[in-house]
$ cat my_file.txt   # compact mmCIF, C-alpha atoms
# COMPACT_ATOMS: atom_id res chain seq x y z
CA MET P 1 20.16 -30.15 11.04
CA LYS P 2 18.17 -28.85 14.02
CA PRO P 3 17.89 -25.02 14.15
CA SER P 4 19.82 -23.37 16.98
CA HIS P 5 16.84 -21.17 17.96
CA GLN P 6 13.06 -21.35 17.90
CA HIS P 7 11.60 -18.78 15.50
CA TYR P 8 7.95 -17.75 15.70
CA ALA P 9 5.57 -16.65 12.94
CA ILE P 10 2.45 -14.61 13.82
CA GLU P 11 -0.25 -13.87 11.24
CA ASP P 12 -1.31 -10.23 11.49
CA THR P 13 -5.10 -10.46 11.80
CA THR P 14 -7.87 -8.90 13.88
CA ARG P 15 -7.56 -11.95 16.16
CA SER P 16 -3.98 -11.01 17.06
CA PRO P 17 -4.07 -7.29 17.94
CA GLN P 18 -0.53 -6.22 18.72
CA GLU P 19 -1.47 -3.73 21.44
CA HIS P 20 -2.42 -6.69 23.68
CA TRP P 21 0.87 -8.55 23.64
CA LEU P 22 3.70 -6.85 21.71
CA SER P 23 5.07 -4.66 24.53
CA HIS P 24 5.01 -7.66 26.93
CA LEU P 25 6.82 -9.80 24.38
CA LEU P 26 9.55 -7.17 23.87
CA ASN P 27 10.21 -6.78 27.61
CA GLY P 28 10.36 -10.54 28.21
CA SER P 29 7.15 -10.98 30.23
CA TYR P 30 5.37 -13.08 27.59
CA LYS P 31 5.85 -16.80 28.20
CA LEU P 32 7.38 -18.17 25.02
CA PRO P 33 10.13 -20.80 25.04
CA GLY P 34 13.48 -19.09 24.54
CA LEU P 35 12.11 -15.55 24.94
CA GLU P 36 10.90 -15.39 28.55
CA GLY P 37 12.92 -12.87 30.54
CA LYS P 38 14.73 -11.69 27.40
CA LYS P 39 14.73 -8.22 25.81
CA GLY P 40 13.74 -7.73 22.17
CA VAL P 41 13.77 -4.95 19.57
CA LEU P 42 11.06 -4.11 17.02
CA PHE P 43 11.84 -3.73 13.30
CA SER P 44 8.80 -2.09 11.71
CA ASN P 45 7.67 0.83 9.55
CA THR P 46 6.27 2.44 12.72
CA THR P 47 9.67 2.25 14.42
CA LEU P 48 11.32 3.71 11.34
CA GLU P 49 8.82 6.59 11.20
CA LYS P 50 9.55 7.42 14.87
CA TYR P 51 13.26 7.83 14.08
CA ILE P 52 12.44 9.97 11.04
CA GLN P 53 10.25 12.23 13.23
CA GLU P 54 13.00 12.35 15.86
CA GLU P 55 15.46 13.59 13.23
CA GLU P 56 13.09 16.25 11.93
CA LYS P 57 11.94 17.54 15.32
CA HIS P 58 15.11 17.26 17.43
CA ASP P 59 17.98 16.91 14.92
CA ASN P 60 18.75 13.53 16.47
CA PHE P 61 20.53 11.55 13.73
CA GLU P 62 21.06 8.26 15.59
CA LEU P 63 20.49 6.00 12.59
CA THR P 64 22.51 8.01 10.07
CA SER P 65 25.45 9.28 12.12
CA GLY P 66 28.51 9.48 9.88
CA LYS P 67 26.40 9.54 6.69
CA ASN P 68 25.78 13.32 6.58
CA ARG P 69 22.26 12.55 5.36
CA SER P 70 18.85 12.40 6.98
CA LEU P 71 16.72 9.27 6.93
CA ARG P 72 14.08 11.04 4.84
CA THR P 73 16.57 11.46 1.96
CA LEU P 74 17.46 7.75 1.84
CA SER P 75 15.63 5.22 -0.31
CA THR P 76 13.21 2.88 1.46
CA GLY P 77 15.73 0.04 1.20
CA GLU P 78 18.50 2.19 2.68
CA GLN P 79 16.24 3.35 5.51
CA LYS P 80 15.43 -0.22 6.50
CA LYS P 81 19.08 -1.24 6.26
CA ALA P 82 20.06 1.62 8.59
CA LEU P 83 17.28 0.71 11.06
CA LEU P 84 18.27 -2.97 11.18
CA ALA P 85 21.95 -2.12 11.70
CA TYR P 86 21.07 0.29 14.52
CA LEU P 87 18.76 -2.20 16.27
CA LEU P 88 21.38 -4.95 16.15
CA GLN P 89 23.94 -2.56 17.70
CA GLN P 90 21.72 -2.58 20.80
CA LYS P 91 22.68 -6.27 21.29
CA PRO P 92 19.10 -7.54 21.73
CA ASP P 93 18.29 -11.11 22.79
CA PHE P 94 15.79 -11.43 19.93
CA ILE P 95 14.16 -9.33 17.19
CA VAL P 96 10.51 -8.86 16.19
CA LEU P 97 10.03 -8.24 12.47
CA ASN P 98 6.68 -6.61 11.71
CA ASN P 99 5.95 -7.07 7.98
CA PRO P 100 9.56 -6.14 7.14
CA TYR P 101 9.13 -6.22 3.34
CA GLU P 102 6.27 -3.73 3.03
CA THR P 103 7.12 -0.89 0.59
CA LEU P 104 10.29 -2.68 -0.63
CA ASP P 105 10.90 -3.67 -4.25
CA LYS P 106 11.83 -7.22 -5.29
CA SER P 107 15.62 -6.84 -5.20
CA SER P 108 15.51 -5.14 -1.77
CA VAL P 109 13.23 -7.90 -0.44
CA SER P 110 15.65 -10.54 -1.69
CA ALA P 111 18.65 -8.84 -0.05
CA LEU P 112 16.84 -8.30 3.28
CA LYS P 113 15.55 -11.87 3.28
CA GLN P 114 19.09 -13.28 2.96
CA GLN P 115 20.28 -11.01 5.77
CA LEU P 116 17.45 -12.14 8.05
CA ILE P 117 18.07 -15.81 7.31
CA ALA P 118 21.73 -15.32 8.31
CA LEU P 119 20.58 -13.44 11.44
CA SER P 120 18.40 -16.40 12.45
CA ASN P 121 21.58 -18.31 13.35
CA ASP P 122 22.45 -15.68 15.96
CA MET P 123 19.14 -14.96 17.70
CA PRO P 124 15.46 -15.94 17.82
CA ILE P 125 13.16 -14.16 15.36
CA VAL P 126 9.47 -13.34 15.77
CA PHE P 127 8.01 -12.67 12.32
CA ILE P 128 4.66 -10.85 12.10
CA PHE P 129 3.29 -11.30 8.57
CA ASN P 130 0.42 -10.33 6.30
CA ARG P 131 1.36 -12.44 3.29
CA GLN P 132 2.25 -16.14 3.43
CA ASP P 133 4.92 -15.73 0.74
CA ASP P 134 6.83 -13.37 3.06
CA VAL P 135 7.38 -15.90 5.85
CA LEU P 136 11.04 -16.81 6.27
CA PRO P 137 11.83 -20.48 5.60
CA VAL P 138 13.67 -20.72 8.95
CA MET P 139 10.48 -20.24 11.01
CA THR P 140 9.98 -23.21 13.34
CA HIS P 141 6.65 -22.40 15.02
CA ALA P 142 3.46 -20.42 14.49
CA ILE P 143 1.53 -18.64 17.23
CA THR P 144 -2.25 -18.70 17.03
CA PHE P 145 -4.68 -16.42 18.86
CA GLU P 146 -8.28 -16.51 20.03
CA LYS P 147 -10.08 -13.39 21.23
CA ALA P 148 -6.77 -11.50 21.27
CA GLU P 149 -5.21 -14.06 23.62
CA LEU P 150 -2.48 -16.57 22.85
CA LYS P 151 -4.14 -19.84 21.93
CA ALA P 152 -1.31 -22.17 20.95
CA VAL P 153 2.25 -22.50 19.69
CA VAL P 154 2.29 -25.08 16.91
CA PRO P 155 5.04 -26.37 14.61
CA ILE P 156 5.00 -24.28 11.44
CA ALA P 157 4.33 -27.42 9.38
CA ASP P 158 1.00 -27.83 11.23
CA TYR P 159 -0.16 -24.24 10.73
CA HIS P 160 -3.01 -23.79 8.27
CA PHE P 161 -2.56 -20.72 6.08
CA LYS P 162 -5.91 -19.44 4.85
CA LYS P 163 -6.24 -19.09 1.10
CA ARG P 164 -9.54 -17.86 -0.34
CA GLU P 165 -10.82 -16.88 -3.72
CA PHE P 166 -13.41 -14.12 -3.63
CA VAL P 167 -16.35 -13.58 -5.92
CA PHE P 168 -18.60 -10.52 -5.74
CA ASN P 169 -22.08 -11.65 -6.76
CA LYS P 170 -23.74 -8.25 -7.33
CA ASP P 171 -23.11 -6.06 -10.38
CA ILE P 172 -21.34 -2.72 -10.00
CA PRO P 173 -23.95 0.07 -9.69
CA PRO P 174 -24.43 2.12 -12.87
CA ALA P 175 -23.13 5.68 -13.11
CA ILE P 176 -25.45 8.53 -12.17
CA THR P 177 -22.77 11.13 -12.97
CA THR P 178 -22.01 11.85 -16.61
CA TYR P 179 -18.84 13.22 -18.18
CA SER P 180 -18.91 15.00 -21.53
CA ASN P 181 -16.26 15.30 -24.24
CA ILE P 182 -14.00 12.53 -22.90
CA PRO P 183 -11.65 11.54 -25.77
CA GLU P 184 -10.40 8.06 -26.63
CA VAL P 185 -6.92 8.91 -25.29
CA LEU P 186 -7.11 9.83 -21.60
CA VAL P 187 -3.41 10.30 -20.83
CA GLU P 188 -0.55 10.93 -23.23
CA LEU P 189 3.01 11.55 -22.07
CA LYS P 190 5.55 12.52 -24.74
CA ASN P 191 9.29 12.37 -24.06
CA ILE P 192 8.95 13.30 -20.36
CA GLN P 193 12.23 14.21 -18.63
CA VAL P 194 12.49 14.84 -14.87
CA SER P 195 15.56 15.73 -12.80
CA TYR P 196 15.95 16.92 -9.21
CA GLU P 197 19.16 18.89 -8.67
CA ASP P 198 21.88 16.61 -10.11
CA ARG P 199 19.77 13.44 -10.13
CA SER P 200 17.88 12.27 -13.22
CA ILE P 201 14.60 10.55 -12.31
CA LEU P 202 12.77 9.97 -15.62
CA LYS P 203 14.18 9.92 -19.14
CA GLY P 204 12.20 9.95 -22.36
CA ILE P 205 8.91 8.61 -20.98
CA ASN P 206 6.34 7.96 -23.73
CA TRP P 207 3.08 6.46 -22.53
CA THR P 208 -0.54 6.50 -23.68
CA ILE P 209 -3.56 5.36 -21.65
CA LYS P 210 -6.81 4.93 -23.56
CA LYS P 211 -10.43 4.40 -22.57
CA LYS P 212 -11.27 1.16 -20.75
CA GLU P 213 -7.62 0.02 -20.47
CA PHE P 214 -6.24 -1.70 -17.35
CA TRP P 215 -2.57 -0.84 -16.71
CA HIS P 216 -0.09 -2.05 -14.10
CA LEU P 217 2.74 0.42 -13.36
CA ILE P 218 5.75 -1.32 -11.82
CA GLY P 219 9.32 -0.40 -10.97
CA PRO P 220 11.79 -0.68 -8.10
CA ASN P 221 11.96 1.79 -5.21
CA GLY P 222 13.26 5.13 -6.41
CA SER P 223 12.49 4.44 -10.09
CA GLY P 224 10.06 7.37 -10.37
CA LYS P 225 6.61 5.77 -9.98
CA THR P 226 5.47 8.45 -7.53
CA THR P 227 6.94 11.21 -9.71
CA LEU P 228 5.12 9.83 -12.75
CA LEU P 229 1.81 9.70 -10.85
CA SER P 230 2.28 13.30 -9.68
CA MET P 231 2.73 14.39 -13.30
CA ILE P 232 -0.71 12.94 -14.08
CA TYR P 233 -2.73 13.48 -10.91
CA GLY P 234 -0.83 16.07 -8.91
CA ASN P 235 0.53 19.54 -9.35
CA ASN P 236 4.19 18.64 -9.93
CA SER P 237 6.01 21.76 -11.13
CA LYS P 238 8.31 19.53 -13.19
CA GLY P 239 5.36 18.93 -15.51
CA TYR P 240 5.14 22.53 -16.70
CA GLY P 241 6.28 23.04 -20.26
CA GLN P 242 6.32 19.30 -20.95
CA GLU P 243 4.05 17.43 -23.33
CA ILE P 244 1.49 15.99 -20.92
CA TYR P 245 -2.01 15.64 -22.35
CA LEU P 246 -4.91 14.80 -20.01
CA PHE P 247 -8.38 14.15 -21.43
CA GLY P 248 -7.47 15.86 -24.68
CA ASN P 249 -5.95 19.03 -23.19
CA LYS P 250 -2.31 19.89 -22.67
CA LYS P 251 -1.64 20.14 -18.94
CA GLY P 252 -1.23 23.77 -17.94
CA SER P 253 -3.22 25.14 -20.90
CA GLY P 254 -6.23 26.32 -18.94
CA GLU P 255 -7.73 23.37 -17.05
CA SER P 256 -7.22 23.65 -13.29
CA VAL P 257 -5.87 20.82 -11.15
CA TRP P 258 -9.41 20.60 -9.73
CA ASP P 259 -10.88 20.10 -13.25
CA ILE P 260 -8.44 17.24 -13.82
CA LYS P 261 -9.02 15.62 -10.43
CA GLN P 262 -12.79 15.57 -10.99
CA LYS P 263 -12.17 13.11 -13.83
CA ILE P 264 -9.83 10.88 -11.82
CA GLY P 265 -10.61 8.54 -8.94
CA PHE P 266 -7.57 8.16 -6.70
CA ILE P 267 -6.56 6.14 -3.65
CA SER P 268 -3.23 5.71 -1.88
CA PRO P 269 -2.09 4.50 1.58
CA ALA P 270 -1.39 8.14 2.53
CA MET P 271 -5.11 8.92 2.10
CA LEU P 272 -5.90 7.02 5.30
CA GLU P 273 -4.18 9.82 7.22
CA LEU P 274 -6.87 12.24 6.00
CA PHE P 275 -9.79 10.36 7.54
CA LYS P 276 -9.23 10.76 11.28
CA ARG P 277 -12.78 11.63 12.33
CA ASN P 278 -15.57 9.13 12.92
CA TYR P 279 -17.13 9.02 9.47
CA THR P 280 -19.48 6.11 8.86
CA VAL P 281 -19.13 3.69 5.96
CA GLU P 282 -22.13 5.34 4.26
CA GLN P 283 -20.68 8.85 4.70
CA MET P 284 -17.31 7.74 3.33
CA ILE P 285 -18.80 6.30 0.14
CA ILE P 286 -21.22 9.20 -0.48
CA SER P 287 -18.38 11.73 0.00
CA GLY P 288 -16.93 10.44 -3.28
CA PHE P 289 -19.65 12.38 -5.12
CA PHE P 290 -18.28 15.61 -3.64
CA ASP P 291 -14.54 14.74 -3.52
CA SER P 292 -14.62 15.86 0.11
CA ILE P 293 -12.96 14.61 3.30
CA GLY P 294 -16.17 13.97 5.21
CA LEU P 295 -19.74 14.74 4.17
CA TYR P 296 -20.80 18.38 4.41
CA GLN P 297 -23.57 18.46 1.81
CA THR P 298 -26.95 16.77 1.87
CA PRO P 299 -26.86 13.94 -0.68
CA SER P 300 -29.69 13.42 -3.11
CA THR P 301 -31.94 10.37 -2.96
CA ALA P 302 -30.18 8.98 -6.06
CA GLN P 303 -26.77 9.45 -4.46
CA LYS P 304 -27.84 7.68 -1.24
CA HIS P 305 -29.35 4.86 -3.30
CA THR P 306 -26.12 4.44 -5.31
CA ALA P 307 -24.05 4.34 -2.09
CA ALA P 308 -26.41 1.66 -0.73
CA GLN P 309 -25.89 -0.37 -3.91
CA TRP P 310 -22.09 -0.12 -3.51
CA MET P 311 -22.33 -1.27 0.12
CA ASP P 312 -24.41 -4.20 -1.11
CA VAL P 313 -21.76 -5.10 -3.72
CA LEU P 314 -19.05 -5.00 -1.03
CA ASN P 315 -21.17 -7.05 1.41
CA LEU P 316 -20.93 -4.15 3.87
CA SER P 317 -24.61 -3.16 4.11
CA GLN P 318 -24.68 -4.25 7.76
CA GLU P 319 -21.77 -1.87 8.47
CA LYS P 320 -23.57 1.16 6.98
CA ASN P 321 -23.40 3.11 10.28
CA THR P 322 -20.11 1.64 11.51
CA ALA P 323 -17.16 3.99 11.89
CA PHE P 324 -14.77 3.61 8.93
CA LEU P 325 -11.75 3.63 11.27
CA LYS P 326 -13.03 0.56 13.14
CA LEU P 327 -12.93 -1.67 10.06
CA SER P 328 -10.10 -3.93 8.92
CA PRO P 329 -7.45 -2.55 6.53
CA ALA P 330 -8.95 -4.62 3.70
CA ALA P 331 -12.50 -3.31 4.31
CA GLN P 332 -11.15 0.26 4.47
CA ARG P 333 -9.49 -0.17 1.06
CA LEU P 334 -12.72 -1.57 -0.44
CA ILE P 335 -14.60 1.50 0.82
CA LEU P 336 -11.94 3.90 -0.54
CA ILE P 337 -12.15 2.18 -3.94
CA ALA P 338 -15.96 2.45 -3.91
CA ARG P 339 -15.64 6.12 -2.91
CA ALA P 340 -13.24 6.73 -5.80
CA MET P 341 -15.45 4.81 -8.26
CA ILE P 342 -18.90 6.05 -7.25
CA LYS P 343 -18.91 8.67 -10.07
CA HIS P 344 -17.46 6.20 -12.59
CA PRO P 345 -14.55 8.56 -13.42
CA PRO P 346 -12.80 8.07 -16.78
CA LEU P 347 -9.58 7.12 -14.93
CA LEU P 348 -9.05 5.31 -11.61
CA ILE P 349 -5.54 5.45 -10.07
CA LEU P 350 -4.85 2.83 -7.40
CA ASP P 351 -1.49 3.62 -5.78
CA GLU P 352 -0.29 0.63 -3.72
CA PRO P 353 -3.80 -0.42 -2.63
CA LEU P 354 -2.55 -3.75 -1.22
CA ILE P 355 0.12 -2.47 1.20
CA ASN P 356 -0.35 -3.75 4.79
CA VAL P 357 -3.17 -6.09 3.74
CA ASN P 358 -3.09 -9.84 4.41
CA ASP P 359 -3.61 -12.64 1.87
CA GLU P 360 -7.35 -12.80 2.51
CA GLY P 361 -7.73 -9.04 2.08
CA THR P 362 -5.50 -9.07 -1.00
CA ALA P 363 -7.75 -11.64 -2.68
CA LEU P 364 -10.83 -9.56 -1.79
CA ILE P 365 -9.45 -6.23 -3.08
CA SER P 366 -7.99 -7.84 -6.21
CA ALA P 367 -11.39 -9.37 -7.03
CA LEU P 368 -13.03 -5.94 -6.77
CA ILE P 369 -10.40 -4.29 -8.99
CA ASN P 370 -10.76 -7.00 -11.65
CA LYS P 371 -14.55 -6.62 -11.45
CA ILE P 372 -14.35 -2.85 -12.01
CA ALA P 373 -12.09 -3.43 -15.02
CA LYS P 374 -14.56 -5.91 -16.48
CA GLU P 375 -17.89 -4.18 -15.74
CA SER P 376 -17.17 -0.45 -16.11
CA GLU P 377 -15.89 1.94 -18.76
CA THR P 378 -13.27 3.30 -16.35
CA SER P 379 -9.58 2.90 -17.20
CA ILE P 380 -7.45 1.62 -14.31
CA LEU P 381 -3.88 2.50 -13.42
CA PHE P 382 -2.75 0.04 -10.72
CA VAL P 383 0.61 0.73 -9.05
CA SER P 384 2.54 -1.74 -6.92
CA HIS P 385 6.05 -2.64 -5.85
CA ARG P 386 5.49 -6.39 -6.10
CA ASP P 387 3.99 -8.83 -8.58
CA GLU P 388 0.36 -9.51 -7.71
CA PRO P 389 -0.82 -12.85 -9.10
CA ASN P 390 -4.51 -12.02 -8.46
CA ILE P 391 -4.44 -8.83 -10.56
CA HIS P 392 -5.13 -9.26 -14.28
CA PRO P 393 -4.14 -6.08 -16.17
CA ASP P 394 -4.25 -5.70 -19.95
CA PHE P 395 -0.86 -3.99 -20.09
CA THR P 396 2.18 -3.32 -17.92
CA TYR P 397 4.35 -0.21 -17.97
CA ALA P 398 7.69 -0.97 -16.31
CA LEU P 399 10.20 1.66 -15.16
CA HIS P 400 13.83 0.57 -15.43
CA PRO P 401 16.36 2.78 -13.62
CA SER P 402 19.52 3.93 -15.43
CA PRO P 403 22.20 6.52 -14.55
CA LYS P 404 20.42 9.00 -16.84
CA GLY P 405 16.97 8.37 -15.33
CA SER P 406 14.39 5.60 -15.53
CA VAL P 407 13.18 4.53 -18.95
CA GLY P 408 9.71 3.10 -19.49
CA ILE P 409 8.96 -0.14 -21.32
CA ARG P 410 5.45 -1.24 -22.29
CA LYS P 411 4.79 -4.97 -21.91

$ encode --input "my_file.txt" --output "structure tokens"
Amino acid sequence: MKPSHQHYAIEDTTRSPQEHWLSHLLNGSYKLPGLEGKKGVLFSNTTLEKYIQEEEKHDNFELTSGKNRSLRTLSTGEQKKALLAYLLQQKPDFIVLNNPYETLDKSSVSALKQQLIALSNDMPIVFIFNRQDDVLPVMTHAITFEKAELKAVVPIADYHFKKREFVFNKDIPPAITTYSNIPEVLVELKNIQVSYEDRSILKGINWTIKKKEFWHLIGPNGSGKTTLLSMIYGNNSKGYGQEIYLFGNKKGSGESVWDIKQKIGFISPAMLELFKRNYTVEQMIISGFFDSIGLYQTPSTAQKHTAAQWMDVLNLSQEKNTAFLKLSPAAQRLILIARAMIKHPPLLILDEPLINVNDEGTALISALINKIAKESETSILFVSHRDEPNIHPDFTYALHPSPKGSVGIRK
């Protein structure tokens, strides 16, 4: 049966920068069959964040009127549901979906996907995607770009999705920083319980991370992954008085948060907000020696040499003096991982390192993570909301929500 509308897929790459065409598409001035002269709405994380800011700054509760709750207090899935409902109330001619599944867990993705497929019967959809697996099966055409300009509209069956396997040919640089008295057990959590007001988040968490282990922490939105990370890496007050042992010492028994963080490499999507100035690739990597945002100390010859070796491993030597902010999301993540790893810390925490990265970038970052696991003594804690076929952990720790809080199961 022929679809009632044409639906367009656009791969989110450096060749298709949205600032060149998105506003024209939404106001109907972009010449696409079925969309010319029509008005569209944008469903994206950026749109959602604007409404959250509007609530917080101006008490404007457009998306949650009647709920007596702010957007910030809703789960990610509930936030996106509220945004979609609100956008559709505007009676648009079509909708642009910009990576709609990012930050959602598997069950939320499945529910949203079914809703969008049903919506495709009522209006045209433009689907901007990073990952091929995300593309809705109802898409009829793909849009290709060249030098930021529309190149062609082709039937989706004729579009060539790029799939690449990446191999890093150079060895990871050796450590020039040494840590003393690091025990076999790096992290030990014993019967951890966490509640906020009347809501139980974690119940009876028992988990041990040892030297040179590669762990994948998974769990649906709201299951407590972020809370669990903050018990290890952060300064979560809920950790006080509980049996949390880090590098052989009970947390809160004398070691400062700074002492703990010196032994942990950490990256998360939120970290990108910290690096707003024009730091070069070299400065970013060297700053890992000092755990600083920017480079304010003069590095030693050995430190500069190690940073050069990391740039060589990442095939970014040519970009040594390029501004970090000008690089692709995938290249930025590689640099943040190198920055976190440059001291070879006993533990490396990678919190959602693949969010907002396309298939090509995902393969690249995954190859680096697997290489670090294989060639270093560092233990890795990799956190994600989706299964990642390119990541090869030794163990998985899965959080399963229950009315009394999430329980953890080792796999």

$ closest_residue --input "my_file.txt" --among "P:Lys326, P:Arg386, P:Lys147, P:Lys304" --to "Gly288 (chain P)" --atoms "only C-alpha atoms"
P:Lys304

$ closest_residue --input "my_file.txt" --among "P:His7, P:Lys50, P:Lys263, P:Arg333" --to "Ile365 (chain P)" --atoms "all atoms listed in the file"
P:Arg333

$ closest_residue --input "my_file.txt" --among "P:Trp258, P:Pro220, P:Ile380, P:Leu368" --to "Leu104 (chain P)" --atoms "all atoms listed in the file"
P:Pro220

$ atom_distance --input "my_file.txt" --atom1 "CA of Ser268 (chain P)" --atom2 "CA of Ala308 (chain P)"
23.6 Å

$ closest_residue --input "my_file.txt" --among "P:Thr140, P:Ser44, P:Asn358, P:Thr378" --to "Leu84 (chain P)" --atoms "only C-alpha atoms"
P:Ser44

$ closest_residue --input "my_file.txt" --among "P:Thr208, P:Asn98, P:Asn191, P:Gln309" --to "Asn356 (chain P)" --atoms "only C-alpha atoms"
P:Asn98

$ residues_near_point --input "my_file.txt" --point "(-3.0, 15.6, -22.5)" --cutoff "12 Å" --atoms "all atoms listed in the file" --output "ChimeraX atom specification"
/P:182-190,207-210,231-233,239,242-255,260

$ axis_aligned_box --input "my_file.txt" --around "region 187-193 of chain P" --padding-each-side "8 Å" --output "lines of an AutoDock Vina configuration file"
center_x = 4.4
center_y = 12.3
center_z = -21.7
size_x = 31.6
size_y = 19.9
size_z = 22.1

$ atom_distance --input "my_file.txt" --atom1 "CA of Phe290 (chain P)" --atom2 "CA of Gln318 (chain P)"
23.8 Å

$ residues_around --input "my_file.txt" --residues "Ser110 (chain P)" --least-positions-apart "6" --cutoff "12 Å" --atoms "all atoms listed in the file" --output "PDB file with C-alpha atoms, in the frame of the given file"
ATOM      1  CA  GLY P  77      15.730   0.040   1.200  1.00  0.00           C
ATOM      2  CA  PRO P 100       9.560  -6.140   7.140  1.00  0.00           C
ATOM      3  CA  TYR P 101       9.130  -6.220   3.340  1.00  0.00           C
ATOM      4  CA  LEU P 104      10.290  -2.680  -0.630  1.00  0.00           C
ATOM      5  CA  LEU P 116      17.450 -12.140   8.050  1.00  0.00           C
ATOM      6  CA  ILE P 117      18.070 -15.810   7.310  1.00  0.00           C
ATOM      7  CA  ASP P 134       6.830 -13.370   3.060  1.00  0.00           C
ATOM      8  CA  LEU P 136      11.040 -16.810   6.270  1.00  0.00           C
ATOM      9  CA  ARG P 386       5.490  -6.390  -6.100  1.00  0.00           C
TER      10      ARG P 386
END

$ atom_distance --input "my_file.txt" --atom1 "CA of Leu97 (chain P)" --atom2 "CA of Ala331 (chain P)"
24.5 Å

$ closest_residue --input "my_file.txt" --among "P:Leu217, P:Ile342, P:Ile264, P:Leu272" --to "Phe395 (chain P)" --atoms "only C-alpha atoms"
P:Leu217

$ residues_near_point --input "my_file.txt" --point "(-3.9, -6.0, -10.9)" --cutoff "10 Å" --atoms "all atoms listed in the file" --output "VMD selection string"
chain P and resid 214 to 217 350 353 365 to 367 369 to 370 373 380 to 384 387 to 396

$ residues_around --input "my_file.txt" --residues "Met271 (chain P)" --least-positions-apart "4" --cutoff "9 Å" --atoms "all atoms listed in the file" --output "PDB file with C-alpha atoms, in the frame of the given file"
ATOM      1  CA  ILE P 267      -6.560   6.140  -3.650  1.00  0.00           C
ATOM      2  CA  PHE P 275      -9.790  10.360   7.540  1.00  0.00           C
ATOM      3  CA  LEU P 336     -11.940   3.900  -0.540  1.00  0.00           C
TER       4      LEU P 336
END

$ residues_around --input "my_file.txt" --residues "region 119-126 of chain P" --least-positions-apart "5" --cutoff "9 Å" --atoms "all atoms listed in the file" --output "list in words"
Pro3, Ser4, His5, Gln6, His7, Tyr8, Ala9, Ile10, Gly34, Leu35, Pro92, Asp93, Phe94, Ile95, Val96, Leu97, Asn98, Gln114, Val138 and Met139 of chain P

$ closest_atom_pairs --input "my_file.txt" --of "region 294-379 of chain P" --to "region 278-282 of chain P" --cutoff "6 Å" --atoms "only C-alpha atoms" --output "Markdown table"
| residue | atom | partner | partner_atom | distance |
| --- | --- | --- | --- | --- |
| P:Lys320 | CA | P:Glu282 | CA | 5.2 |
| P:Asn321 | CA | P:Thr280 | CA | 5.1 |
| P:Thr322 | CA | P:Thr280 | CA | 5.2 |
| P:Ala323 | CA | P:Thr280 | CA | 4.4 |
| P:Phe324 | CA | P:Val281 | CA | 5.3 |

$ decode --input "my_file.txt" --residues "region 244-281 of chain P" --atoms "C-alpha atoms" --output "mmCIF file, in the first residue's frame"
data_model
loop_
_atom_site.group_PDB
_atom_site.id
_atom_site.type_symbol
_atom_site.label_atom_id
_atom_site.label_comp_id
_atom_site.auth_asym_id
_atom_site.auth_seq_id
_atom_site.Cartn_x
_atom_site.Cartn_y
_atom_site.Cartn_z
ATOM 1 C CA ILE P 244 30.984 2.614 50.319
ATOM 2 C CA TYR P 245 34.654 1.670 49.986
ATOM 3 C CA LEU P 246 36.812 3.432 47.384
ATOM 4 C CA PHE P 247 40.416 2.323 46.822
ATOM 5 C CA GLY P 248 40.481 0.557 50.169
ATOM 6 C CA ASN P 249 39.065 3.389 52.294
ATOM 7 C CA LYS P 250 35.533 3.867 53.548
ATOM 8 C CA LYS P 251 34.072 6.965 51.904
ATOM 9 C CA GLY P 252 33.893 9.799 54.405
ATOM 10 C CA SER P 253 36.656 8.414 56.647
ATOM 11 C CA GLY P 254 39.261 11.040 55.860
ATOM 12 C CA GLU P 255 39.923 11.075 52.104
ATOM 13 C CA SER P 256 38.599 14.221 50.426
ATOM 14 C CA VAL P 257 36.463 14.180 47.290
ATOM 15 C CA TRP P 258 39.537 15.637 45.541
ATOM 16 C CA ASP P 259 41.691 12.665 46.685
ATOM 17 C CA ILE P 260 39.120 10.278 45.232
ATOM 18 C CA LYS P 261 38.703 12.175 41.957
ATOM 19 C CA GLN P 262 42.468 12.141 41.354
ATOM 20 C CA LYS P 263 42.212 8.351 41.029
ATOM 21 C CA ILE P 264 39.219 8.434 38.670
ATOM 22 C CA GLY P 265 39.029 9.527 35.049
ATOM 23 C CA PHE P 266 35.533 10.773 34.236
ATOM 24 C CA ILE P 267 33.611 11.973 31.189
ATOM 25 C CA SER P 268 29.941 12.765 30.661
ATOM 26 C CA PRO P 269 27.904 14.749 28.084
ATOM 27 C CA ALA P 270 27.464 17.522 30.682
ATOM 28 C CA MET P 271 31.253 18.060 30.697
ATOM 29 C CA LEU P 272 31.044 19.663 27.253
ATOM 30 C CA GLU P 273 29.294 22.626 28.892
ATOM 31 C CA LEU P 274 32.467 23.336 30.891
ATOM 32 C CA PHE P 275 34.704 23.855 27.867
ATOM 33 C CA LYS P 276 33.364 27.051 26.310
ATOM 34 C CA ARG P 277 36.658 28.828 25.634
ATOM 35 C CA ASN P 278 38.906 28.213 22.648
ATOM 36 C CA TYR P 279 41.189 25.528 24.056
ATOM 37 C CA THR P 280 43.240 23.652 21.486
ATOM 38 C CA VAL P 281 43.265 19.876 21.153
#
